[in-house]
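File shown here: final18.txt, holding compact mmCIF, C-alpha atoms.
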```txt
# COMPACT_ATOMS: atom_id res chain seq x y z
CA MET A 1 0.00 0.00 0.00
CA LYS A 2 2.72 2.43 0.99
CA GLN A 3 4.69 1.71 -2.17
CA TYR A 4 1.76 2.93 -4.30
CA GLU A 5 1.35 6.06 -2.21
CA ARG A 6 5.07 6.72 -2.61
CA ALA A 7 4.82 6.11 -6.34
CA ILE A 8 1.97 8.63 -6.56
CA GLU A 9 4.14 11.22 -4.82
CA ASP A 10 6.97 10.52 -7.27
CA TYR A 11 4.64 10.86 -10.27
CA ASN A 12 3.23 14.08 -8.81
CA GLN A 13 6.78 15.48 -8.79
CA ALA A 14 7.39 14.30 -12.34
CA LEU A 15 4.17 15.95 -13.48
CA ASP A 16 5.08 19.17 -11.66
CA ALA A 17 8.23 19.21 -13.77
CA ASP A 18 6.47 18.21 -17.03
CA SER A 19 2.67 18.35 -17.10
CA ASP A 20 2.63 16.76 -20.59
CA TYR A 21 4.33 13.53 -19.49
CA ALA A 22 1.84 10.87 -20.64
CA HIS A 23 3.76 7.96 -19.08
CA ALA A 24 3.65 9.62 -15.67
CA TYR A 25 -0.14 9.97 -15.90
CA ASN A 26 -0.43 6.34 -16.97
CA ASN A 27 1.80 5.08 -14.18
CA ARG A 28 0.09 7.21 -11.55
CA GLY A 29 -3.18 5.77 -12.87
CA LEU A 30 -1.80 2.29 -12.29
CA ALA A 31 -0.98 3.22 -8.69
CA TYR A 32 -4.43 4.72 -8.12
CA LYS A 33 -6.03 1.60 -9.60
CA ALA A 34 -3.97 -0.61 -7.27
CA LEU A 35 -5.32 1.48 -4.37
CA LYS A 36 -8.87 1.05 -5.77
CA GLN A 37 -9.18 4.78 -6.34
CA TYR A 38 -10.80 4.16 -9.69
CA GLY A 39 -12.07 7.69 -10.36
CA LYS A 40 -8.56 9.13 -10.00
CA ALA A 41 -7.16 6.28 -12.09
CA ILE A 42 -9.66 6.96 -14.88
CA ALA A 43 -8.81 10.68 -14.82
CA ASP A 44 -5.09 9.95 -15.16
CA TYR A 45 -5.55 7.36 -17.88
CA THR A 46 -7.78 9.78 -19.77
CA LYS A 47 -5.15 12.53 -19.53
CA ALA A 48 -2.47 10.11 -20.80
CA ILE A 49 -4.70 9.23 -23.77
CA GLU A 50 -5.35 12.91 -24.49
CA LEU A 51 -1.58 13.50 -24.56
CA ASP A 52 -0.82 10.43 -26.70
CA SER A 53 -3.79 8.89 -28.51
CA GLN A 54 -1.67 5.94 -29.71
CA TYR A 55 -0.58 4.93 -26.19
CA VAL A 56 -2.13 1.51 -25.52
CA SER A 57 -1.42 0.96 -21.82
CA PRO A 58 -3.70 3.71 -20.47
CA ARG A 59 -6.61 2.43 -22.57
CA THR A 60 -6.18 -1.02 -21.09
CA GLY A 61 -5.74 0.42 -17.61
CA ARG A 62 -8.82 2.60 -17.95
CA GLY A 63 -10.73 -0.44 -19.21
CA GLY A 64 -9.75 -2.26 -16.03
CA ALA A 65 -10.86 0.66 -13.86
CA TYR A 66 -14.20 0.86 -15.69
CA HIS A 67 -14.58 -2.91 -15.24
CA ALA A 68 -13.95 -2.58 -11.50
CA LEU A 69 -16.70 0.04 -11.32
CA GLY A 70 -19.13 -2.19 -13.23
CA ARG A 71 -19.10 0.11 -16.24
CA TYR A 72 -18.62 -2.82 -18.59
CA GLU A 73 -19.62 -1.20 -21.88
CA LYS A 74 -17.03 1.56 -21.34
CA ALA A 75 -14.47 -1.11 -20.46
CA VAL A 76 -15.18 -3.03 -23.68
CA GLU A 77 -14.79 0.20 -25.68
CA ASP A 78 -11.37 0.88 -24.18
CA TYR A 79 -10.12 -2.68 -24.58
CA THR A 80 -11.35 -2.81 -28.16
CA LYS A 81 -9.58 0.45 -29.04
CA ALA A 82 -6.42 -0.83 -27.37
CA ILE A 83 -6.60 -4.02 -29.48
CA GLU A 84 -7.05 -1.93 -32.63
CA LEU A 85 -3.94 0.07 -31.71
CA ASP A 86 -1.85 -2.97 -30.77
CA PRO A 87 -3.23 -6.45 -31.52
CA GLN A 88 -0.20 -7.99 -29.78
CA TYR A 89 -0.97 -6.43 -26.36
CA VAL A 90 -2.16 -9.50 -24.49
CA PHE A 91 -3.56 -7.62 -21.49
CA SER A 92 -6.21 -6.00 -23.67
CA PHE A 93 -7.54 -9.38 -24.79
CA ASN A 94 -7.52 -10.79 -21.27
CA GLY A 95 -9.21 -7.68 -19.87
CA ARG A 96 -11.87 -7.59 -22.55
CA GLY A 97 -12.41 -11.33 -22.07
CA SER A 98 -12.98 -10.76 -18.35
CA THR A 99 -15.42 -7.96 -19.13
CA TYR A 100 -17.34 -10.10 -21.63
CA TYR A 101 -17.44 -12.82 -18.96
CA ALA A 102 -18.91 -10.33 -16.47
CA LEU A 103 -21.51 -9.39 -19.09
CA GLY A 104 -22.45 -13.05 -19.54
CA GLN A 105 -21.10 -13.09 -23.10
CA TYR A 106 -19.13 -16.27 -22.56
CA ASP A 107 -18.53 -17.06 -26.24
CA LYS A 108 -16.85 -13.68 -26.73
CA ALA A 109 -14.91 -14.14 -23.50
CA ALA A 110 -13.62 -17.54 -24.67
CA ALA A 111 -12.60 -16.03 -28.02
CA ASP A 112 -10.61 -13.26 -26.32
CA TYR A 113 -8.92 -15.70 -23.95
CA THR A 114 -8.02 -17.80 -26.99
CA GLU A 115 -6.31 -14.73 -28.47
CA ALA A 116 -4.47 -14.15 -25.18
CA ILE A 117 -3.31 -17.79 -25.18
CA ALA A 118 -2.08 -17.45 -28.77
CA LEU A 119 0.00 -14.44 -27.71
CA GLU A 120 1.28 -15.95 -24.44
CA PRO A 121 0.77 -19.73 -24.44
CA GLY A 122 2.76 -20.17 -21.24
CA ASP A 123 0.40 -18.14 -19.03
CA ALA A 124 -1.73 -20.41 -16.84
CA GLU A 125 -4.18 -17.61 -15.96
CA TYR A 126 -5.43 -17.34 -19.54
CA TYR A 127 -6.17 -21.07 -19.70
CA ASN A 128 -7.97 -20.88 -16.37
CA ASN A 129 -10.04 -17.93 -17.58
CA ARG A 130 -10.99 -19.66 -20.83
CA GLY A 131 -11.87 -22.77 -18.86
CA LEU A 132 -14.32 -20.73 -16.80
CA ALA A 133 -15.94 -19.38 -19.96
CA TYR A 134 -16.18 -22.88 -21.44
CA GLY A 135 -17.78 -24.05 -18.21
CA LYS A 136 -20.47 -21.38 -18.48
CA LEU A 137 -21.04 -22.53 -22.08
CA GLU A 138 -21.41 -26.10 -20.72
CA GLN A 139 -18.43 -27.20 -22.79
CA TYR A 140 -17.12 -29.21 -19.89
CA GLU A 141 -14.48 -31.28 -21.67
CA GLU A 142 -12.89 -28.13 -23.11
CA ALA A 143 -13.03 -26.51 -19.67
CA ILE A 144 -11.38 -29.52 -18.03
CA ARG A 145 -8.69 -29.52 -20.72
CA ASP A 146 -7.96 -25.82 -20.08
CA PHE A 147 -7.84 -26.22 -16.30
CA SER A 148 -5.53 -29.20 -16.76
CA ARG A 149 -3.23 -27.11 -18.96
CA ALA A 150 -3.24 -24.31 -16.38
CA ILE A 151 -2.18 -26.83 -13.72
CA GLU A 152 0.57 -28.20 -16.00
CA LEU A 153 1.90 -24.67 -16.43
CA ASN A 154 1.56 -23.81 -12.73
CA PRO A 155 1.22 -26.84 -10.44
CA LYS A 156 0.52 -24.54 -7.47
CA PHE A 157 -2.48 -22.84 -9.13
CA LYS A 158 -5.11 -23.57 -6.49
CA LYS A 159 -7.99 -21.92 -8.38
CA ALA A 160 -7.36 -24.13 -11.42
CA TYR A 161 -7.62 -27.29 -9.28
CA LEU A 162 -10.86 -26.05 -7.72
CA ASN A 163 -12.28 -25.00 -11.08
CA ARG A 164 -11.40 -28.35 -12.63
CA ALA A 165 -13.02 -30.08 -9.66
CA GLY A 166 -16.22 -28.18 -10.34
CA MET A 167 -16.23 -29.23 -13.98
CA LEU A 168 -15.44 -32.82 -13.08
CA ARG A 169 -18.40 -32.84 -10.69
CA ALA A 170 -20.58 -31.41 -13.47
CA THR A 171 -19.63 -34.39 -15.64
CA GLY A 172 -20.21 -36.88 -12.79
CA ASP A 173 -16.54 -37.67 -12.15
CA VAL A 174 -16.79 -37.28 -8.37
CA LYS A 175 -13.64 -39.28 -7.61
CA ARG A 176 -11.33 -37.08 -9.71
CA ALA A 177 -13.12 -33.97 -8.42
CA ALA A 178 -12.39 -35.03 -4.82
CA ALA A 179 -8.74 -35.60 -5.75
CA ASP A 180 -8.50 -32.08 -7.17
CA GLU A 181 -10.16 -30.61 -4.08
CA ALA A 182 -7.67 -32.45 -1.89
CA ALA A 183 -4.77 -31.21 -4.04
CA ALA A 184 -6.06 -27.63 -3.76
CA ALA A 185 -6.41 -27.96 0.02
CA ALA A 186 -2.80 -29.15 0.24
CA LEU A 187 -1.51 -26.00 -1.51
```
Output the file's structure in the form of structure tokens.
Amino acid sequence: MKQYERAIEDYNQALDADSDYAHAYNNRGLAYKALKQYGKAIADYTKAIELDSQYVSPRTGRGGAYHALGRYEKAVEDYTKAIELDPQYVFSFNGRGSTYYALGQYDKAAADYTEAIALEPGDAEYYNNRGLAYGKLEQYEEAIRDFSRAIELNPKFKKAYLNRAGMLRATGDVKRAAADEAAAAAL
């Protein structure tokens, strides 16, 4: 907590020296977002975008702040613009996927997580997220496969074990579900 407050003070000084420093606004926005001061984060991200309309990070950050406030349509707009600016920026796909998931648009969420996986196939979180979307779509085998891949990539990923257990129970495989629950409890 203190580190973010200190960072904000440092960015305040940087902005006192150069009020057109887009990266300082973006980074201060990140600190505000970490402190759950979403209104201040959105203001800083917006200023960074005004200073540099091609800067992707503040659009993704602002999307995350809008998501946290439940302003999902605004979040989707920011993530989509970020993807248009840089289709290789994995955080925009993951963030938009999470927002689509929150909106109950699980097919779109799964598609965005698939894009995130294509960009960073070694990230267990993206497989876990897509597995959740597949579960909501009742595509249980695909969900189990994704949770299994997440566990392969990160054997200490407790949520992936619990999520896979839920999907295994949904398919009637109570024995394997219990094993996953025990593995999660041991972590």
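Proximity to Gln37 (chain A) was assessed for A:Tyr4, A:Tyr101, A:Tyr79, A:Tyr55 counting all atoms listed in the file; the smallest distance is recorded for A:Tyr4.
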Cut-off 8 Å around (-11.8, -32.4, -6.9) with all atoms listed in the file: residues as an MDAnalysis selection string: chainID A and resid 161:162 164:166 168:169 174:183
Contacts of Pro87 (chain A) within 12 Å, all atoms listed in the file, excl. fewer than 4 positions in-chain, as a list in words: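 After dropping sequence-adjacent residues, the list is Val56, Tyr79, Thr80, Lys81, Ala82, Ile83, Phe91, Ser92, Phe93, Asn94, Asp112, Glu115, Ala116, Ala118 and Leu119 of chain A.
Using only C-alpha atoms, the smallest distance between any of A:Gln105, A:Thr99, A:Ser19, A:Asn27 and Leu51 (chain A) comes from A:Ser19.
Counting from CA of Phe147 (chain A), the distance to CA of Lys159 (chain A) is 9.0 Å.
Note that the spacing between CA of Ile117 (chain A) and CA of Arg130 (chain A) amounts to 9.0 Å.
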Nearest residue to Lys108 (chain A) from the set A:Ala41, A:Val90, A:Ala124, A:Ala133 (distances using all atoms listed in the file):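 The shortest atom-to-atom distance to Lys108 (chain A) comes from A:Ala133.
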Long-range neighbours of Arg149 (chain A) as number ranges by chain, 12 Å cut-off, all atoms listed in the file, 2 positions minimum in chain: A: 117, 121-131, 142-147, 151-155, 157, 160-161, 164
Selected residues written out, C-alpha atoms, as a compact mmCIF listing (two decimals), in the frame of the given file:
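out-v4.txt written:
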```
# COMPACT_ATOMS: atom_id res chain seq x y z
CA ILE A 117 -3.31 -17.79 -25.18
CA PRO A 121 0.77 -19.73 -24.44
CA GLY A 122 2.76 -20.17 -21.24
CA ASP A 123 0.40 -18.14 -19.03
CA ALA A 124 -1.73 -20.41 -16.84
CA GLU A 125 -4.18 -17.61 -15.96
CA TYR A 126 -5.43 -17.34 -19.54
CA TYR A 127 -6.17 -21.07 -19.70
CA ASN A 128 -7.97 -20.88 -16.37
CA ASN A 129 -10.04 -17.93 -17.58
CA ARG A 130 -10.99 -19.66 -20.83
CA GLY A 131 -11.87 -22.77 -18.86
CA GLU A 142 -12.89 -28.13 -23.11
CA ALA A 143 -13.03 -26.51 -19.67
CA ILE A 144 -11.38 -29.52 -18.03
CA ARG A 145 -8.69 -29.52 -20.72
CA ASP A 146 -7.96 -25.82 -20.08
CA PHE A 147 -7.84 -26.22 -16.30
CA ILE A 151 -2.18 -26.83 -13.72
CA GLU A 152 0.57 -28.20 -16.00
CA LEU A 153 1.90 -24.67 -16.43
CA ASN A 154 1.56 -23.81 -12.73
CA PRO A 155 1.22 -26.84 -10.44
CA PHE A 157 -2.48 -22.84 -9.13
CA ALA A 160 -7.36 -24.13 -11.42
CA TYR A 161 -7.62 -27.29 -9.28
CA ARG A 164 -11.40 -28.35 -12.63
```
Coordinates-based distance that separates CA of Tyr72 (chain A) from CA of Arg28 (chain A) (Å, one decimal):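 Calculated distance between CA of Arg28 (chain A) and CA of Tyr72 (chain A) is 22.4 Å.
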Distance criterion (only C-alpha atoms): nearest to Gly39 (chain A) out of A:Leu137, A:Ala65, A:Ala22, A:Ala17: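 Comparing A:Leu137, A:Ala65, A:Ala22, A:Ala17 against Gly39 (chain A), the winner is A:Ala65.
Comparing the minimum interatomic distances between Lys47 (chain A) and each of A:Gly104, A:Gly95, A:Gly29, A:Gly135, counting only C-alpha atoms, we find that A:Gly29 sits nearest.
Considering all atoms listed in the file, the residue among A:Met167, A:Gly172, A:Lys158, A:Lys36 positioned nearest to Ala184 (chain A) is A:Lys158.
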Completion step: region 39-65 of chain A with N, CA, C and O atoms as an mmCIF file, in the frame of the given file:
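Written out: part.cif:
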```
data_model
loop_
_atom_site.group_PDB
_atom_site.id
_atom_site.type_symbol
_atom_site.label_atom_id
_atom_site.label_comp_id
_atom_site.auth_asym_id
_atom_site.auth_seq_id
_atom_site.Cartn_x
_atom_site.Cartn_y
_atom_site.Cartn_z
ATOM 1 N N GLY A 39 -11.787 6.399 -9.745
ATOM 2 C CA GLY A 39 -12.070 7.690 -10.360
ATOM 3 C C GLY A 39 -10.802 8.448 -10.694
ATOM 4 O O GLY A 39 -10.654 9.007 -11.790
ATOM 5 N N LYS A 40 -9.848 8.459 -9.756
ATOM 6 C CA LYS A 40 -8.560 9.130 -10.000
ATOM 7 C C LYS A 40 -7.780 8.392 -11.076
ATOM 8 O O LYS A 40 -7.120 9.024 -11.910
ATOM 9 N N ALA A 41 -7.859 7.066 -11.072
ATOM 10 C CA ALA A 41 -7.160 6.280 -12.090
ATOM 11 C C ALA A 41 -7.712 6.616 -13.475
ATOM 12 O O ALA A 41 -6.944 6.869 -14.411
ATOM 13 N N ILE A 42 -9.033 6.656 -13.594
ATOM 14 C CA ILE A 42 -9.660 6.960 -14.880
ATOM 15 C C ILE A 42 -9.252 8.349 -15.356
ATOM 16 O O ILE A 42 -8.938 8.548 -16.539
ATOM 17 N N ALA A 43 -9.212 9.312 -14.443
ATOM 18 C CA ALA A 43 -8.810 10.680 -14.820
ATOM 19 C C ALA A 43 -7.380 10.694 -15.353
ATOM 20 O O ALA A 43 -7.095 11.349 -16.365
ATOM 21 N N ASP A 44 -6.484 9.974 -14.694
ATOM 22 C CA ASP A 44 -5.090 9.950 -15.160
ATOM 23 C C ASP A 44 -4.945 9.210 -16.470
ATOM 24 O O ASP A 44 -4.217 9.647 -17.368
ATOM 25 N N TYR A 45 -5.611 8.087 -16.619
ATOM 26 C CA TYR A 45 -5.550 7.360 -17.880
ATOM 27 C C TYR A 45 -6.093 8.223 -19.020
ATOM 28 O O TYR A 45 -5.535 8.254 -20.114
ATOM 29 N N THR A 46 -7.181 8.924 -18.751
ATOM 30 C CA THR A 46 -7.780 9.780 -19.770
ATOM 31 C C THR A 46 -6.811 10.881 -20.180
ATOM 32 O O THR A 46 -6.661 11.170 -21.379
ATOM 33 N N LYS A 47 -6.123 11.472 -19.209
ATOM 34 C CA LYS A 47 -5.150 12.530 -19.530
ATOM 35 C C LYS A 47 -4.002 11.937 -20.365
ATOM 36 O O LYS A 47 -3.555 12.563 -21.337
ATOM 37 N N ALA A 48 -3.540 10.754 -20.026
ATOM 38 C CA ALA A 48 -2.470 10.110 -20.800
ATOM 39 C C ALA A 48 -2.921 9.880 -22.239
ATOM 40 O O ALA A 48 -2.149 10.103 -23.180
ATOM 41 N N ILE A 49 -4.157 9.465 -22.426
ATOM 42 C CA ILE A 49 -4.700 9.230 -23.770
ATOM 43 C C ILE A 49 -4.821 10.542 -24.535
ATOM 44 O O ILE A 49 -4.512 10.609 -25.727
ATOM 45 N N GLU A 50 -5.256 11.596 -23.849
ATOM 46 C CA GLU A 50 -5.350 12.910 -24.490
ATOM 47 C C GLU A 50 -3.976 13.381 -24.978
ATOM 48 O O GLU A 50 -3.854 13.977 -26.046
ATOM 49 N N LEU A 51 -2.934 13.084 -24.202
ATOM 50 C CA LEU A 51 -1.580 13.500 -24.560
ATOM 51 C C LEU A 51 -0.970 12.630 -25.661
ATOM 52 O O LEU A 51 -0.140 13.101 -26.438
ATOM 53 N N ASP A 52 -1.367 11.352 -25.706
ATOM 54 C CA ASP A 52 -0.820 10.430 -26.700
ATOM 55 C C ASP A 52 -1.909 9.419 -27.078
ATOM 56 O O ASP A 52 -2.070 8.391 -26.409
ATOM 57 N N SER A 53 -2.639 9.714 -28.122
ATOM 58 C CA SER A 53 -3.790 8.890 -28.510
ATOM 59 C C SER A 53 -3.405 7.486 -28.978
ATOM 60 O O SER A 53 -4.269 6.619 -29.077
ATOM 61 N N GLN A 54 -2.133 7.258 -29.251
ATOM 62 C CA GLN A 54 -1.670 5.940 -29.710
ATOM 63 C C GLN A 54 -1.129 5.084 -28.560
ATOM 64 O O GLN A 54 -0.708 3.945 -28.783
ATOM 65 N N TYR A 55 -1.137 5.601 -27.365
ATOM 66 C CA TYR A 55 -0.580 4.930 -26.190
ATOM 67 C C TYR A 55 -1.586 3.882 -25.694
ATOM 68 O O TYR A 55 -2.689 4.214 -25.268
ATOM 69 N N VAL A 56 -1.212 2.620 -25.785
ATOM 70 C CA VAL A 56 -2.130 1.510 -25.520
ATOM 71 C C VAL A 56 -2.359 1.274 -24.029
ATOM 72 O O VAL A 56 -3.495 1.044 -23.590
ATOM 73 N N SER A 57 -1.317 1.324 -23.238
ATOM 74 C CA SER A 57 -1.420 0.960 -21.820
ATOM 75 C C SER A 57 -2.505 1.722 -21.061
ATOM 76 O O SER A 57 -3.260 1.107 -20.294
ATOM 77 N N PRO A 58 -2.644 3.045 -21.232
ATOM 78 C CA PRO A 58 -3.700 3.710 -20.470
ATOM 79 C C PRO A 58 -5.114 3.308 -20.901
ATOM 80 O O PRO A 58 -6.042 3.344 -20.099
ATOM 81 N N ARG A 59 -5.282 2.905 -22.142
ATOM 82 C CA ARG A 59 -6.610 2.430 -22.570
ATOM 83 C C ARG A 59 -6.944 1.124 -21.866
ATOM 84 O O ARG A 59 -8.070 0.920 -21.412
ATOM 85 N N THR A 60 -5.960 0.244 -21.778
ATOM 86 C CA THR A 60 -6.180 -1.020 -21.090
ATOM 87 C C THR A 60 -6.383 -0.784 -19.602
ATOM 88 O O THR A 60 -7.263 -1.380 -18.984
ATOM 89 N N GLY A 61 -5.579 0.104 -19.024
ATOM 90 C CA GLY A 61 -5.740 0.420 -17.610
ATOM 91 C C GLY A 61 -7.092 1.034 -17.307
ATOM 92 O O GLY A 61 -7.753 0.677 -16.327
ATOM 93 N N ARG A 62 -7.524 1.960 -18.157
ATOM 94 C CA ARG A 62 -8.820 2.600 -17.950
ATOM 95 C C ARG A 62 -9.938 1.560 -18.113
ATOM 96 O O ARG A 62 -10.922 1.571 -17.371
ATOM 97 N N GLY A 63 -9.757 0.638 -19.072
ATOM 98 C CA GLY A 63 -10.730 -0.440 -19.210
ATOM 99 C C GLY A 63 -10.860 -1.248 -17.928
ATOM 100 O O GLY A 63 -11.954 -1.591 -17.496
ATOM 101 N N GLY A 64 -9.722 -1.520 -17.295
ATOM 102 C CA GLY A 64 -9.750 -2.260 -16.030
ATOM 103 C C GLY A 64 -10.433 -1.486 -14.914
ATOM 104 O O GLY A 64 -11.157 -2.052 -14.091
ATOM 105 N N ALA A 65 -10.213 -0.168 -14.879
ATOM 106 C CA ALA A 65 -10.860 0.660 -13.860
ATOM 107 C C ALA A 65 -12.378 0.713 -14.106
ATOM 108 O O ALA A 65 -13.174 0.593 -13.169
#
```
